[in-house]
Every structure is written in C-alpha cells, then in structure tokens.
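Below: the structure, in structure tokens.
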Amino acid sequence: MDLGIDLGTSEVKAVLVDAAGRVVGQAHGAVPIARPQPQWSEQDPADWWSATVAALGALRAEHPAEFAAVRGLGLSGHMHGATLLDARNRVLRPAILWNDGRSHAECVELERREPRSRALTGNIAMPGFTAPKLMWVEAHEPAVFRQVARVLLPKDYLRLLLTGEAASDMSDSAGTLWLDVQRRDWSDEMLAATHLRREQMPRLVEGSEASGTVLPTVAQQLGLPRGVVVAGGAGDNAASAAGIGVVEPGTAFLSLGTSGVYFVANAAFSPNPAGAVHAFCHAFPATWHQMTVMLSAGSALRWLRGAVHGDSEAQLVAEAQALPAGAEVPLFLPYLSGERTPHNNPHASGVFFGLTHDHGRGHLAQAVLEGVAFAFLDGQQALVDGGARIDSVTLVGGGSRSAPWAQLLADALGRTLDRRSGADVGAALGAARLGRLARTREAVATVCAAPPVIDSFTPDRDRNERLTARHEKFQRLYRALGPEMGA
C-alpha cells in the first residue's frame, strides 16, 4: 500500500492506493486561509500539520488494515509558498502563499539585481514565486529575515515534521526562482540576488526518489508502520500529471478548475518567459514541463451566476446551449483576477464587449464560456511558441464535468480532449504513485500509466474556424484595452 498526501490551499487530501494502483480510501482535513491585508494570503504551517493528522486519522479509522500496510508515502502541495524557519526549525511568521500579490516591486528589483534571471530560471519573476516574497520580508520585516535559517515550501514543511529531513523535489523547487531549472540545481546567482545562501535551502532530490523515512515517534503517533519511505514528491501540478499519466514528452493536461492550467511534459528544458509560460522540472529525472496559468477559469462562470442570480452554473451553460444558431454573442475578457499567461498583468480586468439590448443571460454565459476557452487558446499558443509538442490532452478539473464546455474547448483549441476515470483524485494519487516509485524503483511508465479514457471531444472544423476568427478579435480587444489596464 502507498499513501499520497496533497496539501491544497484549502484542505489536505490523503489517499490510500493498493498494489493494483486503485484508490481504496481517501480523506480530507480543512486548512484556513488568512487575508490580513489586500493582496495578502497567508497560512499558519501548524494548520497544515493539524489537517494532515486529521486526514490520516480518518483514513486509519476507515481502513485500518490497509493503513497498517503502507510502505511508501508521497507528498504534493501548492507551490511557491514561503515557510520561514529559524535555526531550531521554529516557524518565524505565517507562510506567504502562492496567491499572495504583495511583492510586485520586488519582482522588478530581482530582475534588476540579476539580469540573467529569466535565462537561469526559465521564468519571468512574478509575485507568486517564492524569491520575491523573501525580498519583501527583508524589506518590511528585517528582524524576521535576519533569523531565517531555512526556507521550505509548504509540502516540504510536512516532510520535515514527518522525517526530520529538510529536502525538496525538483518540480516544486523550480517554482521558487532560486533553481537553475536546466541544471536541476540551486542557482548561486539567484540566491545571492535575494541575499540568501545554499545552506538556507533544502537538499534537492528527484520527485520519484526517496527523501527519507518516517520518524519512529511520528509513525507511532500516526499509526503508520516503521520504515515508511517518503518520496521527494512534487508540486501540485506535476503530481497531478503523475496521477493521470502525463509523463511522456508530448502528453498534456488541461485543468478547468477555479483557475486554469495547461500542462505539457517535455524531454528538454523549453522556456518561454516572454509569453509568461512557466518552465519547470517534472517529477521524474531528465524530464521537464511547460505550464500556462490563467487566474479565472471556472471562477468566471461562478462570478456570472452570482451577478445574474442564476440557480447554478449548469443552468447558465444550458441557457447558452439554447441560443439559436448564429446568435450574436458579446466577447468577454475573463481577467477578473488579473492574468498570468500570456500577459503577466496583475491589473488586467474583466470586460464584456459588444453588448446590445438583444442580449440576455444566455448570451453572457456563452461569452464567458468562450472567453475562458480563448484564454486557454492564448496559453496553447504560448506553449507552442516555447517549443512544446502536444500530442494528447487530458481534460481535468471541476469544469470538465460539463460536456458542452468540454466540446467548446475542443472546438476552440482545435484538439481532441480526453476525459479519464479517476482524474478527480489528481495530485494525491500522483503523490502516492511517487511514493511507490521511491520504494520499488519500478518503471515510471508502469506505475504512472494513464487511467482509461471515459470519453473524448473532437473539434468540429466549422466551429473551429468561427471561433478562430472570434479569438483574433478577442486578442485585438486586449491589445486595445491593455494600456488602460496597466499593460
């Protein structure tokens, strides 16, 4: 048996996976988020551990025999968070999370201090990354910064408590802006630019390699057997890729959740920082990935439901589907929370364009569905411009349950999209698979095989041509309005 622990922004999910790769149990533990000031997002690392203990306790109670048979454990978690520890491994302040936006000025200063930043890291400096957060702490909380003996990513703090080891994997560490992503090693230049040293960073391991074993006292506390091997693990998206079989170069997944992610596995380091594409290490040796991120995907439809007092998102999709063929639909820029790929503009905002008296709720819903699809198409273009080869795409996330939206995405992207069984387990399943690899050293392709396809959505040529023309107008609209949005 193997155990996967995924530290999400709002909850910890834990899954038990048997020797056949089947999920035999899962449990959750809630994690609160604090937003003490505008653009701030923080969590108390103690809450991560409490939620983990709660989730594992629930799993143990529901599946005692399977829990006692665990031999491997993998960790996944939300990326970019800054967990600051002193020389005695005490937490110095609340962790600053991936969706914290306070460090815009520090991003500019970081690239000024190290002009080769984008070449070294393969990424443009954004407030979400870890390094600018430490620069903010140095500038605004100097007493805290002087005490920093170690910086850990969120899931790696759990590892420290589980194993006593300060270690991190390549995929998660690539999201700090301290990693030389091509060399898969800490960059002394990037560390120096933030006034930090290698000694303050965790030891690096591959995601499918062992990072340590669960401490005997912790194993007793949690009810685990002695000697459970803990894998390096992965950042949440790389772990999700491991869970749905996006391992070989050219395989990809598109996540239609609250935000949107387009992830493709690569055989080589393929950066495109000019297009705000993230180029990170994958969870496996000698493998990388590219990833685009849009900040408002499913959340855009949820916002519209509230704005127009809809009963549900499904109702809005049905009203969009009921529009007559050839109906004139407004354009919608879905930048309700700013945007990352391809604009890297935190000041970008949402826009309806082309409204008339003839438009009703169904037209607005169709505009939102299309706007999200067009933003994914922007991301796809940025991936291809960065050298990505995309052979197959698996559709995941809550929005993927909507067949009409899935078909629209296929039509807009001009690609077949597959839905697979078990894709909802995501990162926790991938973490468990990494735990198995770390203890058995089996072939990656064997352990991380893609689940069976449930159904597929093939693009319609006529709709693709119509949407391509509307997408060009969508792009022109942002270019025209960008100067008014701080671009």
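The way I read the labels, and the way they are meant: chains A, B, ... in the order of the structure tokens, residue 1 as the first residue of every chain, and ligand 1 as the first ligand shown, with later ones counted on from there.
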
Per-residue nearest contacts of segment 146-265 of chain A to segment 406-425 of chain A (10 Å; only C-alpha atoms) as CSV:
residue,atom,partner,partner_atom,distance
A:Ser240,CA,A:Val425,CA,8.4
A:Ala241,CA,A:Ala423,CA,9.8
A:Gly243,CA,A:Ala423,CA,7.5
A:Ile244,CA,A:Ala423,CA,6.1
A:Gly245,CA,A:Ala423,CA,9.8
A:Ala252,CA,A:Leu417,CA,9.9
A:Phe253,CA,A:Leu417,CA,8.8
A:Leu254,CA,A:Leu417,CA,8.6
A:Leu256,CA,A:Ala406,CA,9.2

I need the residues from that last selection saved to file as a tab-separated table (two decimals), in the first residue's frame (with N, CA and C atoms), if you can.
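Saved the output as selection-v8.tsv:
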chain	number	residue	atom	x	y	z
A	240	SER	N	-0.24	16.02	-10.15
A	240	SER	CA	-1.45	15.71	-10.91
A	240	SER	C	-1.11	15.03	-12.22
A	241	ALA	N	-0.03	15.50	-12.86
A	241	ALA	CA	0.41	14.88	-14.11
A	241	ALA	C	0.80	13.43	-13.89
A	243	GLY	N	-0.44	11.53	-11.66
A	243	GLY	CA	-1.66	10.81	-11.36
A	243	GLY	C	-2.49	10.47	-12.58
A	244	ILE	N	-2.38	11.26	-13.65
A	244	ILE	CA	-3.20	10.99	-14.84
A	244	ILE	C	-2.35	10.57	-16.03
A	245	GLY	N	-1.09	10.23	-15.77
A	245	GLY	CA	-0.27	9.66	-16.82
A	245	GLY	C	0.34	10.64	-17.79
A	252	ALA	N	-0.18	15.93	-22.30
A	252	ALA	CA	-0.57	17.18	-21.65
A	252	ALA	C	-1.88	16.99	-20.91
A	253	PHE	N	-2.13	17.92	-19.98
A	253	PHE	CA	-3.47	18.01	-19.38
A	253	PHE	C	-3.89	19.46	-19.33
A	254	LEU	N	-5.19	19.66	-19.42
A	254	LEU	CA	-5.80	20.98	-19.29
A	254	LEU	C	-6.73	20.91	-18.09
A	256	LEU	N	-9.51	22.63	-15.90
A	256	LEU	CA	-10.55	23.65	-15.89
A	256	LEU	C	-11.14	23.69	-14.48

Taking only segment 73-290 of chain A into account, list the residues labelled alpha helix (DSSP H) by DSSP (computed from the backbone), as a ChimeraX atom specification. /A:104-113,117-121,130-140,142-147,154-163,170-173,188-193,216-222,236-244

What is the atom CA of Ala125 of chain A-atom CA of Pro273 of chain A distance in Å, reported with one decimal?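 Atom-to-atom, atom CA of Ala125 of chain A and atom CA of Pro273 of chain A are spaced 8.9 Å apart.
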
Just to confirm, what's the straight-line distance from atom CA of Glu442 of chain A to atom CA of Ser208 of chain A in Å (one decimal)?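 So the answer is 10.0 Å.
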
Write out as a VMD selection string the residues lying within 8 Å of Gly25 of chain A, counting only C-alpha atoms and excluding same-chain residues fewer than 4 positions away. chain A and resid 15 to 17 59 62 to 63

Kindly indicate which residue among A:Asp180, A:Asp172, A:Glu199, A:Asp311 lies nearest to Ala238 of chain A, using only C-alpha atoms for the distances.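 Under the stated criterion, the closest residue is A:Asp172.
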
Between atom CA of Ser168 of chain A and atom CA of Gln221 of chain A, distance in Å (one decimal):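 A separation of 23.6 Å between them.
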
Among the residues of segment 227-358 of chain A, find those DSSP assigns to strand (DSSP E or B) from the backbone and print them as a PyMOL selection string. chain A and resi 229-231+234-235+251-256+260-266+278-281+288-294+331-333+336+338-339+345+351-353

Go through segment 234-292 of chain A residue by residue and, counting only C-alpha atoms, keep those with an atom at most 8 Å from segment 372-388 of chain A; for each kept residue give the shortest atom pair and its distance in Å to one decimal, ordered by chain and increasing number, as JSON lines.
{"residue": "A:Gly250", "atom": "CA", "partner": "A:Ala388", "partner_atom": "CA", "distance": 7.4}
{"residue": "A:Gly260", "atom": "CA", "partner": "A:Phe376", "partner_atom": "CA", "distance": 7.6}
{"residue": "A:Tyr262", "atom": "CA", "partner": "A:Gly379", "partner_atom": "CA", "distance": 7.0}
{"residue": "A:Val264", "atom": "CA", "partner": "A:Ala388", "partner_atom": "CA", "distance": 7.3}
{"residue": "A:Asn266", "atom": "CA", "partner": "A:Ala388", "partner_atom": "CA", "distance": 7.0}
{"residue": "A:Ser270", "atom": "CA", "partner": "A:Gly386", "partner_atom": "CA", "distance": 6.1}
{"residue": "A:Pro271", "atom": "CA", "partner": "A:Gly386", "partner_atom": "CA", "distance": 6.0}
{"residue": "A:Asn272", "atom": "CA", "partner": "A:Gly386", "partner_atom": "CA", "distance": 4.8}
{"residue": "A:Gly275", "atom": "CA", "partner": "A:Ala382", "partner_atom": "CA", "distance": 5.6}
{"residue": "A:Ala276", "atom": "CA", "partner": "A:Ala382", "partner_atom": "CA", "distance": 7.9}
{"residue": "A:Val277", "atom": "CA", "partner": "A:Ala382", "partner_atom": "CA", "distance": 6.7}
{"residue": "A:Gln290", "atom": "CA", "partner": "A:Leu383", "partner_atom": "CA", "distance": 6.9}
{"residue": "A:Met291", "atom": "CA", "partner": "A:Leu383", "partner_atom": "CA", "distance": 7.5}
{"residue": "A:Thr292", "atom": "CA", "partner": "A:Gly379", "partner_atom": "CA", "distance": 5.6}
